[in-house]
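Reading through the structure tokens given below for one structure.
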Amino acid sequence: MRTLSFAVMFVATVALADIPPSNSSQCGNSQAGAACTTDDGKPGTCLKQMVGRLDYSEGVPPKTKQVEMLLCVASVTARSSVTNSPPFFAAGALMLVMLGLIVTKLVSRGRRSAAA
Amino acid sequence: MSVSGAILAPADSLRSAILKFASPWVSPLFADRQRRVWWLGMVSVVSAFVVTGLVPLWSLALGPVILGVPHLVSDVRYLVVRPKLHLKPWLLVLVGAPLLATSLGAGPEVGVLAIVPAVFGAGWSWRLVVVGVVWLALTAAAYLEPLGFQLAFVHAHNVIAVMLWWSLTSRTKSMALVPLLTVGGGIAILVGALDPLVTWSGGWTAPWTGTSFTEFVESITPNLDPTLAGRLVLSFCFLQSVHYAVWLRLVPDDARPRPAPRTFAASWDALVADFGLAPLLVFVALSLGLAVWGAFSLPGARLGYLQLAAFHGYLELAIAARWFAH
């Protein structure tokens, strides 16, 4: 139940807006046939599937239309080579290094100005 | 003349020429700081509303890529550097650690942990008790419903910036119109006031941005009534624009020691005085890098920036708590 949105408390009885289709997140930037990991952690392959999604192109309320998407389909033979979020980790690590440098610089400047 | 002065001289000359030409009309608007901040605030909020109605997806896609890093710099400058909090090493480490952890993927309960060391040193008072209760409530919410908390915080942190500015500025009745107009604009969007304008402008789609309303609904307003979810995306777009205006225009104008506007070269020199040249060049490189990344992949650049910026909402929250407790 941890994934239940706070909003459900307020609009529990109305139709709910879309959430990303299951098993779609890891295939977003991949090509058909790429290795992936399903939402429940099983190795799989990105395959084209038809899914229903909300379509806001004509405004609100949105219509629902069937679109072709790459979804991660569990496969016994496929071996996942996808890690959880390497770009995010890389971005965070980069920021850590840069902020460390900046903080060091600021502290040394502060000490210099305090000494002066 | 310095290198930066030489580079910025043409821009300053152009601005000077425009101001000289328009002086009879615009002088009264610029001369007085309070009046200047007021009308800049009103124009910023109205512009944000109109832009949201005309090109919401472009605003959502380009805003973080172009204005994201400069607004983070302003955030750190006015919340940390100017109050000289960076000269308190224990504060820097204890507040900075949870903030950095959030940029490395830690949960929201870690982000709100920054509130605790931020209020160290505040005398015992009812304000400190309020901060403690709020922190406990936020931690419980973040722990029990991390996704819901993060979604709510993504929307709410835009408003925190307006509150921080309000605590800095001259709180006159006319100045109160800026936050009131912001709240009014948000409510108007939620009840559908902008829907016809977005439909008229064709703003519900913008294929060149590489994104869609559906994707924004799925990422920042999931599990809601579809109509309300779409309008919440519009409201987020509006408040995000106001958030940028607050950090890039209103707070700098209010916090400037000299009431009169200054040249671009003087603004750069003031930035160098606050941060030092090397960190500033890193910020400039980061901004340009993000812009180049955006030219190749706008959604990718936006997501990259959002991960980098994950800390700043919690920084604003922690400093707001510090100001309140002190």
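FYI, nothing fancy with the structure tokens labels: chains A, B, ... in order, residues from 1 per chain, ligands from 1 as they appear.
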
Task: chain A contacts on chain B, only C-alpha atoms, 9 Å, as JSON, numbers by chain - done: {"B": [81, 84, 86, 87, 88, 89, 92, 100, 101, 102, 103, 104, 105, 144, 145, 146, 147, 148, 149, 151, 152, 195, 196, 198, 199, 202, 203, 204, 205, 212, 213, 214, 215, 217, 218, 219, 221, 222, 223, 224, 225, 226, 227, 228, 229, 230, 231, 274, 275, 276, 278, 279, 282, 303, 304, 305, 307, 308]}

TODO: Name all residues at most 7 Å from stretch 163-170 of chain B (count only C-alpha atoms; drop same-chain ones fewer than 4 positions away) and give them as a PyMOL selection string.
DONE: chain B and resi 159+246+251+254+320

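Contact shell of A:Gly52 at 9 Å (only C-alpha atoms; same-chain neighbours under 2 positions omitted): Pro21, Met50, Leu54, Thr64, Lys65, Gln66, Val67 and Glu68 of chain A.
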
Keeping C-alpha atoms, export the residues of the selection given above as a PDB file, in the first residue's frame.
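Writing done, so here's again38.pdb:
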ATOM      1  CA  PRO A  21       1.698   1.291 -17.493  1.00  0.00           C
ATOM      2  CA  MET A  50      -0.833  -2.240 -27.036  1.00  0.00           C
ATOM      3  CA  LEU A  54      -5.148   8.870 -21.364  1.00  0.00           C
ATOM      4  CA  THR A  64      -8.554   7.083 -23.693  1.00  0.00           C
ATOM      5  CA  LYS A  65      -6.725   5.632 -26.655  1.00  0.00           C
ATOM      6  CA  GLN A  66      -4.793   2.492 -27.414  1.00  0.00           C
ATOM      7  CA  VAL A  67      -1.122   3.121 -28.104  1.00  0.00           C
ATOM      8  CA  GLU A  68       1.808   0.883 -28.885  1.00  0.00           C
TER       9      GLU A  68
END

Open item on the list: For B:Val37, find every residue with an atom within 9 Å (counting only C-alpha atoms), except residues of its own chain fewer than 5 positions away, and show them as a PyMOL selection string.
Closed with: chain B and resi 30+32+42+169+175+249-251+253-254

Requested write-out: N, CA and C atoms of the selected residues, as a compact mmCIF listing (two decimals), in the first residue's frame:
# COMPACT_ATOMS: atom_id res chain seq x y z
N PHE B 30 11.32 52.17 -12.07
CA PHE B 30 12.57 51.54 -11.65
C PHE B 30 13.24 52.22 -10.46
N ASP B 32 12.29 53.46 -7.51
CA ASP B 32 12.00 53.06 -6.14
C ASP B 32 11.98 51.54 -6.03
N MET B 42 4.07 41.43 -9.84
CA MET B 42 2.75 41.33 -10.49
C MET B 42 2.90 40.89 -11.94
N THR B 169 10.68 40.52 2.01
CA THR B 169 10.30 41.78 1.39
C THR B 169 9.57 42.70 2.37
N MET B 175 2.10 44.95 -1.61
CA MET B 175 3.00 43.83 -1.89
C MET B 175 2.29 42.49 -1.67
N ARG B 249 14.41 37.10 -9.73
CA ARG B 249 14.07 38.51 -9.88
C ARG B 249 13.74 39.18 -8.55
N LEU B 250 12.76 38.63 -7.85
CA LEU B 250 12.24 39.33 -6.68
C LEU B 250 13.19 39.29 -5.49
N VAL B 251 13.67 38.09 -5.13
CA VAL B 251 14.58 37.98 -3.98
C VAL B 251 15.87 38.78 -4.23
N ASP B 253 16.35 41.41 -6.04
CA ASP B 253 16.05 42.84 -5.99
C ASP B 253 15.85 43.31 -4.55
N ASP B 254 15.18 42.47 -3.75
CA ASP B 254 14.90 42.84 -2.36
C ASP B 254 16.14 42.76 -1.48

Please build the interface table for stretch 245-324 of chain B against stretch 47-57 of chain B with a cut-off of 12 Å, listing for each qualifying residue the nearest atom pair and the distance in Å to one decimal; count only C-alpha atoms, order rows by chain and increasing number, and write it as a Markdown table.
| residue | atom | partner | partner_atom | distance |
| --- | --- | --- | --- | --- |
| B:Ala245 | CA | B:Ala48 | CA | 8.9 |
| B:Val246 | CA | B:Ala48 | CA | 11.5 |
| B:Leu298 | CA | B:Leu57 | CA | 11.4 |
| B:Pro299 | CA | B:Leu57 | CA | 11.1 |

Export of the given selection (C-alpha atoms) as a PDB file, in the first residue's frame:
ATOM      1  CA  ALA B 245      10.658  34.571 -10.919  1.00  0.00           C
ATOM      2  CA  VAL B 246      10.915  34.723  -7.141  1.00  0.00           C
ATOM      3  CA  LEU B 298      14.813  17.955 -23.913  1.00  0.00           C
ATOM      4  CA  PRO B 299      13.124  15.311 -21.706  1.00  0.00           C
TER       5      PRO B 299
END

Task: All residues 7 Å or closer to stretch 311-318 of chain B, only C-alpha atoms, same chain fewer than 4 positions away omitted, as number ranges by chain - done: B: 99-100, 102-103, 111-112, 114-115, 118, 157, 322

Write out, as a PDB file, in the first residue's frame, the residues just selected, with C-alpha atoms.
ATOM      1  CA  LEU B  99      20.343  17.267   1.283  1.00  0.00           C
ATOM      2  CA  LEU B 100      23.100  15.598  -0.714  1.00  0.00           C
ATOM      3  CA  THR B 102      18.400  13.144  -1.490  1.00  0.00           C
ATOM      4  CA  SER B 103      20.260  14.001  -4.689  1.00  0.00           C
ATOM      5  CA  GLY B 111      15.437  15.251   3.073  1.00  0.00           C
ATOM      6  CA  VAL B 112      13.215  16.615   5.840  1.00  0.00           C
ATOM      7  CA  ALA B 114      17.732  18.723   7.333  1.00  0.00           C
ATOM      8  CA  ILE B 115      15.182  20.708   9.338  1.00  0.00           C
ATOM      9  CA  ALA B 118      18.905  23.907  10.692  1.00  0.00           C
ATOM     10  CA  HIS B 157       7.933  23.667  -2.726  1.00  0.00           C
ATOM     11  CA  ARG B 322      15.394  28.143  10.679  1.00  0.00           C
TER      12      ARG B 322
END

Open item on the list: Quick one: residues within 12 Å of B:Phe120, only C-alpha atoms, excluding same-chain residues fewer than 6 positions away - as number ranges by chain?
Closed with: B: 88, 90-92, 94-95, 114, 128, 131-132, 318-319, 321-323, 325-326

Task: Length of the atom CA of B:Ser13 to atom CA of B:Thr263 vector [Å] - done: 9.3 Å

Task: Length of the atom CA of B:Leu60 to atom CA of A:Ser30 vector [Å] - done: 23.8 Å

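Going from atom CA of B:Phe264 over to atom CA of B:Trp293, you cover 26.3 Å.
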
Name the residues in contact with stretch 15-25 of chain B at a cut-off of 12 Å, using only C-alpha atoms, excluding same-chain residues fewer than 5 positions from it; report them as a PDB file with C-alpha atoms, in the first residue's frame.
ATOM      1  CA  LEU B   8      29.123  42.269 -20.489  1.00  0.00           C
ATOM      2  CA  ALA B   9      29.807  45.842 -21.637  1.00  0.00           C
ATOM      3  CA  PRO B  10      27.767  45.568 -24.873  1.00  0.00           C
ATOM      4  CA  PHE B  30      12.569  51.540 -11.652  1.00  0.00           C
ATOM      5  CA  ALA B  31      13.711  54.275  -9.296  1.00  0.00           C
ATOM      6  CA  PRO B 261      19.269  48.526 -10.154  1.00  0.00           C
ATOM      7  CA  ARG B 262      22.836  47.701 -11.149  1.00  0.00           C
ATOM      8  CA  THR B 263      24.600  46.857 -14.383  1.00  0.00           C
ATOM      9  CA  PHE B 264      25.135  43.303 -15.632  1.00  0.00           C
ATOM     10  CA  ALA B 265      28.857  43.702 -14.970  1.00  0.00           C
TER      11      ALA B 265
END

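For the residues B:Val93, B:Leu29, B:Ala6, B:Ala61, ranking by smallest atom-to-atom distance to B:Ala206 using only C-alpha atoms places B:Ala61 first.
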